[in-house]
>>> print(open('protein-v8.csv').read())   # CSV, C-alpha atoms
chain,number,residue,atom,x,y,z
I,101,MET,CA,35.0,-16.9,-11.5
I,102,PRO,CA,37.3,-18.5,-8.8
I,103,VAL,CA,38.6,-22.0,-9.0
I,104,ASN,CA,36.2,-24.6,-7.7
I,105,ALA,CA,33.2,-22.2,-7.6
I,106,ASP,CA,29.9,-23.9,-7.9
I,107,TYR,CA,26.8,-22.9,-9.9
I,108,GLU,CA,25.4,-20.8,-7.1
I,109,PHE,CA,28.3,-18.4,-7.2
I,110,ALA,CA,28.2,-18.4,-11.0
I,111,ASN,CA,24.5,-17.4,-10.9
I,112,ALA,CA,25.2,-14.7,-8.4
I,113,GLU,CA,28.0,-13.4,-10.5
I,114,LYS,CA,25.8,-13.4,-13.6
I,115,SER,CA,23.1,-11.5,-11.6
I,116,PHE,CA,25.7,-8.9,-10.6
I,117,PHE,CA,26.8,-8.2,-14.2
I,118,GLU,CA,23.2,-8.1,-15.4
I,119,ALA,CA,22.0,-5.8,-12.5
I,120,GLN,CA,20.3,-2.6,-13.6
I,121,THR,CA,20.4,-0.8,-10.2
I,122,ASP,CA,22.7,-0.4,-7.2
I,123,SER,CA,20.3,-2.3,-5.0
I,124,GLU,CA,20.3,-5.3,-7.4
I,125,LYS,CA,24.1,-5.2,-7.5
I,126,LEU,CA,24.3,-5.1,-3.7
I,127,LEU,CA,22.0,-8.1,-3.5
I,128,ALA,CA,24.1,-10.0,-6.0
I,129,LEU,CA,27.3,-9.1,-4.1
I,130,GLU,CA,25.8,-10.4,-0.9
I,131,GLU,CA,25.0,-13.7,-2.6
I,132,MET,CA,28.5,-13.9,-4.1
I,133,MET,CA,30.0,-13.5,-0.7
I,134,LYS,CA,27.8,-16.3,0.7
I,135,THR,CA,28.7,-18.7,-2.1
I,136,VAL,CA,32.3,-18.0,-2.9
I,137,PRO,CA,34.6,-20.9,-2.1
I,138,LYS,CA,36.2,-20.8,1.4
I,139,HIS,CA,39.5,-22.4,0.5
I,140,LYS,CA,42.9,-20.5,0.8
I,141,GLY,CA,43.1,-19.9,-2.9
I,142,SER,CA,40.1,-17.6,-2.9
I,143,GLU,CA,41.2,-15.3,-0.1
I,144,ASN,CA,41.9,-12.5,-2.5
I,145,ILE,CA,38.6,-12.9,-4.2
I,146,ARG,CA,36.8,-12.8,-0.9
I,147,ALA,CA,38.7,-9.6,0.1
I,148,ASN,CA,37.9,-8.0,-3.3
I,149,LEU,CA,34.2,-8.8,-2.8
I,150,ARG,CA,34.1,-7.3,0.6
I,151,THR,CA,35.8,-4.1,-0.7
I,152,ARG,CA,33.3,-3.8,-3.6
I,153,TYR,CA,30.4,-4.4,-1.2
I,154,ARG,CA,31.6,-1.7,1.2
I,155,LYS,CA,32.2,0.8,-1.5
I,156,LEU,CA,28.9,0.2,-3.1
I,157,LYS,CA,27.1,0.6,0.2
I,158,GLU,CA,28.9,3.9,0.7
I,159,GLU,CA,27.9,5.1,-2.8
I,160,ILE,CA,24.3,4.2,-2.1
I,161,SER,CA,24.4,6.0,1.2
I,162,GLU,CA,25.8,9.2,-0.4
I,163,LYS,CA,23.1,9.1,-3.1
I,164,ARG,CA,20.4,8.8,-0.4
I,165,LYS,CA,21.9,11.8,1.5
I,166,LYS,CA,22.0,13.9,-1.7
I,167,GLY,CA,18.5,12.8,-2.7
I,168,LYS,CA,16.8,13.9,0.6
I,169,GLY,CA,14.9,17.1,0.0
I,170,GLY,CA,16.3,17.2,-3.6
I,171,ALA,CA,14.4,17.9,-6.8
I,172,ASN,CA,14.4,14.3,-8.0
I,173,LYS,CA,11.7,13.1,-5.6
I,174,ILE,CA,8.6,11.6,-7.2
I,175,SER,CA,5.6,13.8,-6.4
I,176,ILE,CA,2.3,12.1,-5.9
I,177,LYS,CA,-0.8,14.1,-5.3
I,178,LYS,CA,-2.6,12.6,-2.3
I,179,SER,CA,-6.2,11.7,-2.9
I,180,GLU,CA,-9.1,11.8,-0.4
I,181,MET,CA,-8.1,8.3,0.8
I,182,GLN,CA,-4.6,7.0,0.4
I,183,ALA,CA,-3.0,3.6,1.4
I,184,VAL,CA,0.7,2.8,1.1
I,185,LEU,CA,2.2,-0.6,0.6
I,186,VAL,CA,5.4,-1.1,2.7
I,187,GLY,CA,7.5,-4.2,2.8
I,188,LEU,CA,10.8,-6.0,2.2
I,189,THR,CA,12.0,-7.0,-1.2
I,190,ASN,CA,10.1,-9.9,-2.8
I,191,SER,CA,7.2,-9.6,-0.4
I,192,GLY,CA,4.8,-9.4,-3.2
I,193,LYS,CA,3.8,-5.7,-2.9
I,194,SER,CA,3.6,-5.2,-6.7
I,195,SER,CA,1.4,-8.3,-7.1
I,196,ILE,CA,-1.0,-6.9,-4.5
I,197,LEU,CA,-1.1,-3.6,-6.2
I,198,LYS,CA,-2.1,-5.4,-9.4
I,199,CYS,CA,-4.7,-7.5,-7.7
I,200,LEU,CA,-6.3,-4.5,-5.9
I,201,THR,CA,-6.2,-1.8,-8.6
I,202,ASN,CA,-6.1,-1.0,-12.3
I,203,ALA,CA,-2.3,-0.6,-12.2
I,204,GLU,CA,0.1,-2.8,-14.2
I,205,PRO,CA,3.4,-2.7,-12.2
I,206,LYS,CA,6.5,-4.6,-13.2
I,207,ILE,CA,6.6,-7.9,-11.4
I,208,ALA,CA,9.7,-10.1,-11.3
I,209,SER,CA,11.3,-12.8,-9.2
I,210,TYR,CA,14.5,-10.8,-8.5
I,211,GLY,CA,14.9,-8.3,-5.7
I,212,PHE,CA,14.1,-4.6,-5.6
I,213,THR,CA,12.0,-4.6,-8.8
I,214,THR,CA,10.1,-1.5,-7.9
I,215,GLN,CA,12.4,1.5,-8.2
I,216,GLU,CA,9.9,4.3,-7.8
I,217,PRO,CA,6.4,4.6,-6.3
I,218,GLU,CA,3.6,3.0,-8.4
I,219,VAL,CA,0.1,4.3,-8.1
I,220,GLY,CA,-3.2,2.5,-8.7
I,221,ILE,CA,-6.9,3.1,-7.8
I,222,LEU,CA,-8.9,0.6,-5.8
I,223,TYR,CA,-12.7,1.1,-6.4
I,224,TYR,CA,-14.5,-0.2,-3.4
I,225,GLU,CA,-18.2,-0.1,-4.2
I,226,THR,CA,-17.5,2.8,-6.6
I,227,CYS,CA,-15.5,4.6,-4.0
I,228,PRO,CA,-11.9,5.5,-5.3
I,229,ILE,CA,-9.0,4.7,-3.0
I,230,GLN,CA,-5.4,5.6,-3.9
I,231,ILE,CA,-3.0,2.7,-3.4
I,232,VAL,CA,0.8,3.4,-3.6
I,233,ASP,CA,3.4,0.7,-3.9
I,234,LEU,CA,6.7,2.0,-2.5
I,235,PRO,CA,10.2,0.7,-3.4
I,236,ALA,CA,11.2,-2.1,-1.0
I,237,ILE,CA,12.8,-1.2,2.3
I,238,GLY,CA,16.5,-1.2,1.7
I,239,ALA,CA,16.3,0.0,-1.9
I,240,ASP,CA,18.4,3.0,-2.8
I,241,SER,CA,15.2,4.8,-3.9
I,242,PHE,CA,13.3,4.0,-0.7
I,243,GLU,CA,12.3,7.0,1.4
I,244,THR,CA,9.7,7.5,4.2
I,245,GLY,CA,8.0,10.8,3.0
I,246,LEU,CA,4.8,9.1,1.8
I,247,ILE,CA,4.7,6.7,4.7
I,248,ASN,CA,4.6,9.6,7.2
I,249,THR,CA,1.6,11.3,5.5
I,250,ALA,CA,-0.5,8.3,4.4
I,251,ASP,CA,-3.9,7.6,5.9
I,252,THR,CA,-3.4,3.8,6.0
I,253,LEU,CA,-0.3,1.7,5.9
I,254,LEU,CA,-0.4,-1.8,4.4
I,255,LEU,CA,2.6,-3.8,5.9
I,256,VAL,CA,3.2,-6.6,3.5
I,257,VAL,CA,5.0,-9.6,5.0
I,258,GLU,CA,5.5,-13.4,4.3
I,259,LYS,CA,6.7,-14.3,7.8
I,260,ILE,CA,5.7,-13.1,11.3
I,261,HIS,CA,9.3,-12.3,12.2
I,262,GLU,CA,9.4,-9.7,9.3
I,263,ILE,CA,6.8,-7.4,11.0
I,264,PRO,CA,9.2,-5.7,13.5
I,265,GLU,CA,11.7,-5.1,10.7
I,266,VAL,CA,9.0,-3.3,8.6
I,267,GLU,CA,7.8,-1.4,11.6
I,268,LYS,CA,11.2,0.2,12.1
I,269,VAL,CA,10.5,2.6,9.2
I,270,LEU,CA,7.1,3.6,10.6
I,271,GLU,CA,8.5,5.7,13.6
I,272,LYS,CA,6.9,9.0,12.3
I,273,ALA,CA,3.9,7.4,10.6
I,274,LYS,CA,0.5,8.4,11.8
I,275,GLY,CA,-1.8,6.3,9.6
I,276,LYS,CA,-3.6,3.2,10.6
I,277,LYS,CA,-1.7,-0.1,10.1
I,278,ILE,CA,-2.9,-3.3,8.5
I,279,ILE,CA,-0.7,-6.3,8.4
I,280,VAL,CA,-1.1,-8.0,5.0
I,281,PHE,CA,0.2,-11.5,5.4
I,282,ASN,CA,0.9,-12.4,1.8
I,283,LYS,CA,1.3,-15.7,-0.2
I,284,ILE,CA,-0.9,-17.6,2.3
I,285,ASP,CA,-1.6,-20.2,-0.4
I,286,ILE,CA,1.7,-22.0,0.3
I,287,TYR,CA,0.5,-23.0,3.8
I,288,ASP,CA,-1.9,-25.8,4.8
I,289,ASN,CA,-5.0,-25.0,6.9
I,290,ASN,CA,-3.4,-26.0,10.2
I,291,THR,CA,-0.5,-23.6,9.6
I,292,LYS,CA,-2.9,-20.8,8.6
I,293,ARG,CA,-4.8,-21.2,11.9
I,294,LYS,CA,-1.5,-21.0,13.8
I,295,ILE,CA,-0.5,-17.8,11.9
I,296,GLN,CA,-3.9,-16.3,12.7
I,297,ALA,CA,-3.7,-17.2,16.3
I,298,THR,CA,-0.3,-15.7,16.7
I,299,LEU,CA,-1.3,-12.4,15.0
I,300,LYS,CA,-4.4,-12.2,17.1
I,301,SER,CA,-2.4,-12.8,20.3
I,302,LYS,CA,-0.2,-9.8,19.3
I,303,ARG,CA,-3.4,-7.8,18.7
I,304,TYR,CA,-2.5,-6.9,15.1
I,305,ASN,CA,-5.0,-5.7,12.6
I,306,PHE,CA,-4.3,-8.2,9.8
I,307,GLU,CA,-5.6,-10.0,6.8
I,308,LEU,CA,-4.2,-13.3,5.3
I,309,ILE,CA,-4.2,-13.1,1.5
I,310,SER,CA,-3.1,-14.8,-1.7
I,311,CYS,CA,-2.9,-13.0,-5.1
I,312,LYS,CA,-2.5,-16.4,-6.7
I,313,THR,CA,-5.8,-17.8,-5.4
I,314,GLY,CA,-7.7,-14.6,-4.5
I,315,GLU,CA,-8.0,-15.7,-0.9
I,316,GLY,CA,-8.7,-12.8,1.5
I,317,LEU,CA,-8.6,-10.1,-1.2
I,318,ASP,CA,-12.3,-9.0,-0.7
I,319,ASP,CA,-11.9,-8.9,3.0
I,320,LEU,CA,-8.7,-6.8,2.6
I,321,LYS,CA,-10.5,-4.3,0.3
I,322,GLU,CA,-13.3,-3.9,2.9
I,323,LYS,CA,-10.7,-3.5,5.7
I,324,ILE,CA,-8.8,-0.9,3.8
I,325,PHE,CA,-12.0,1.2,3.2
I,326,LYS,CA,-13.1,0.9,6.8
I,327,SER,CA,-9.6,2.1,8.0
I,328,PHE,CA,-10.3,5.6,6.7
I,329,SER,CA,-13.3,6.2,9.0
I,330,LYS,CA,-15.3,7.8,6.2
I,331,ILE,CA,-18.9,7.7,5.1
I,332,ARG,CA,-20.2,7.5,1.5
I,333,VAL,CA,-23.2,9.8,0.7
I,334,TYR,CA,-24.8,9.4,-2.7
I,335,THR,CA,-26.9,12.1,-4.4
I,336,LYS,CA,-29.8,11.9,-6.8
I,337,SER,CA,-31.8,14.5,-8.8
I,338,PRO,CA,-35.5,14.9,-8.3
I,339,ASN,CA,-37.5,12.4,-10.3
I,340,GLN,CA,-34.3,10.4,-10.9
I,341,LYS,CA,-34.8,6.7,-9.9
I,342,GLU,CA,-31.1,5.8,-9.4
I,343,HIS,CA,-28.5,7.7,-7.5
I,344,ASP,CA,-25.2,8.9,-9.0
I,345,ASN,CA,-22.5,6.2,-8.9
I,346,ALA,CA,-19.7,8.4,-7.4
I,347,PRO,CA,-20.4,9.1,-3.7
I,348,ILE,CA,-19.3,12.2,-1.7
I,349,ILE,CA,-16.7,11.1,0.8
I,350,MET,CA,-17.3,12.6,4.2
I,351,PRO,CA,-16.2,12.3,7.9
I,352,PRO,CA,-18.5,10.5,10.3
I,353,ASN,CA,-21.3,12.7,11.9
I,354,SER,CA,-21.4,15.0,8.8
I,355,ASN,CA,-24.8,16.6,8.3
I,356,ILE,CA,-26.9,17.7,5.3
I,357,GLU,CA,-25.4,21.2,5.5
I,358,ASN,CA,-21.9,19.7,5.1
I,359,ALA,CA,-23.0,17.8,2.0
I,360,ALA,CA,-24.7,20.9,0.6
I,361,ARG,CA,-21.5,23.0,1.1
I,362,ILE,CA,-19.6,20.4,-1.0
I,363,ILE,CA,-22.1,20.4,-3.8
I,364,PHE,CA,-23.4,24.0,-3.9
I,365,HIS,CA,-20.4,25.7,-2.3
I,366,SER,CA,-21.7,29.0,-0.9
I,367,ARG,CA,-25.1,28.9,-2.6
I,368,LYS,CA,-27.1,27.0,0.1
I,369,ASP,CA,-29.9,29.5,-0.2
I,370,MET,CA,-30.9,27.9,-3.5
I,371,ILE,CA,-32.0,24.7,-1.7
I,372,LYS,CA,-35.7,24.4,-1.2
I,373,LYS,CA,-36.0,21.0,0.5
I,374,VAL,CA,-34.0,17.9,1.1
I,375,LYS,CA,-35.1,14.2,1.0
I,376,ILE,CA,-33.1,11.2,2.1
I,377,TRP,CA,-33.2,7.4,1.6
I,378,GLY,CA,-31.0,5.0,3.5
I,379,PRO,CA,-29.7,4.1,7.0
I,380,SER,CA,-30.3,7.5,8.6
I,381,SER,CA,-33.9,7.9,7.3
I,382,LYS,CA,-37.1,6.8,9.1
I,383,PHE,CA,-38.6,5.9,5.8
I,384,GLY,CA,-37.7,6.3,2.1
I,385,GLY,CA,-38.0,9.9,0.8
I,386,GLN,CA,-38.1,11.4,4.3
I,387,GLU,CA,-37.8,15.2,4.2
I,388,VAL,CA,-35.1,16.5,6.6
I,389,GLY,CA,-33.4,19.7,7.7
I,390,MET,CA,-29.9,20.9,7.3
I,391,LYS,CA,-28.7,19.6,10.6
I,392,HIS,CA,-29.8,16.0,9.9
I,393,ILE,CA,-26.8,13.6,10.6
I,394,LEU,CA,-25.9,11.4,7.7
I,395,LYS,CA,-24.9,7.8,7.7
I,396,ASP,CA,-22.8,5.6,5.4
I,397,LYS,CA,-24.7,4.8,2.1
I,398,ASP,CA,-27.3,7.5,2.6
I,399,ILE,CA,-28.9,8.9,-0.6
I,400,VAL,CA,-29.7,12.6,-0.6
I,401,GLU,CA,-32.0,14.5,-3.0
I,402,PHE,CA,-31.7,18.3,-3.1
I,403,ASN,CA,-34.7,20.2,-4.5
I,404,THR,CA,-33.6,23.6,-5.6
I,405,ARG,CA,-35.5,26.9,-6.2
>>> encode(input="protein-v8.csv", output="structure tokens")
Amino acid sequence: MPVNADYEFANAEKSFFEAQTDSEKLLALEEMMKTVPKHKGSENIRANLRTRYRKLKEEISEKRKKGKGGANKISIKKSEMQAVLVGLTNSGKSSILKCLTNAEPKIASYGFTTQEPEVGILYYETCPIQIVDLPAIGADSFETGLINTADTLLLVVEKIHEIPEVEKVLEKAKGKKIIVFNKIDIYDNNTKRKIQATLKSKRYNFELISCKTGEGLDDLKEKIFKSFSKIRVYTKSPNQKEHDNAPIIMPPNSNIENAARIIFHSRKDMIKKVKIWGPSSKFGGQEVGMKHILKDKDIVEFNTR
């Protein structure tokens, strides 16, 4: 430690020696360069820190180049509906994954905690949605493969000015975007209204949330489900009072024939008649044909030969 260095530099130096990953070391070096004394006696130390920082960045860059297309990539099988959490370090992505799903990710106050994609399942009214938490933008393990193929992108931010920085990595992404403005519990109501007004003026699709208080989480879950443009169709057996809990997930404007193909595959001829309950029926238990258009939360009963 240099002469006349204060506790901030000491803490940064301690973080550097305790760092487990290159990204953590890089973050600690940045803090050391900010807090190192600026007097003449520390010139050599400042030069040494700059050299170490430059070399470490070069090493990280080389690792990324070697990793692209390599065999060490984490393979995640994409589910029927997939949403990906994208954000800067310490934005709270892991906490959101824990709040929304059954996952138990590592959560810490230091930067770049998530080193590989973490997966959890959000059950929205019994409907399973795959949520993936990616390493933070700037981490040595960050890559855009999952971002480019995801159905929905959850852009996690704490400040409005962070949004353009996150959007830079979405150039090839095709999924729908939801701005998740996190840690809203630290603001008073007046500030919240200003944040909402700004986001609305920019025509963002957004939700203000807090994992600490639970504010906005139910609305976010609904918004995530609606982003997929899918309908849920439940099935029941004849004489069964309740429908099955797990729905069939289908595109809008699907019909009975589409549902039958999923359930019976190529054996549609075994269907004798079909009854429906729900939004698309004129009355409960209406008998319909194979071309009947289904709506979200319909219940279908197939009577077989």
>>> residues_around(input="protein-v8.csv", residues="range 193-203 of chain I", least_positions_apart="5", cutoff="6 Å", atoms="only C-alpha atoms", output="VMD selection string")
chain I and resid 220 to 222
>>> closest_residue(input="protein-v8.csv", among="I:Met350, I:Met370, I:Ile231, I:Ile393", to="Leu254 in chain I", atoms="only C-alpha atoms")
I:Ile231
>>> closest_residue(input="protein-v8.csv", among="I:Ile362, I:Ala147, I:Val257, I:Val374", to="Asn190 in chain I", atoms="only C-alpha atoms")
I:Val257
>>> atom_distance(input="protein-v8.csv", atom1="CA of Asp398 in chain I", atom2="CA of Ile376 in chain I")
6.9 Å
>>> atom_distance(input="protein-v8.csv", atom1="CA of Glu307 in chain I", atom2="CA of Glu322 in chain I")
10.6 Å
>>> atom_distance(input="protein-v8.csv", atom1="CA of Phe306 in chain I", atom2="CA of Ala239 in chain I")
25.1 Å
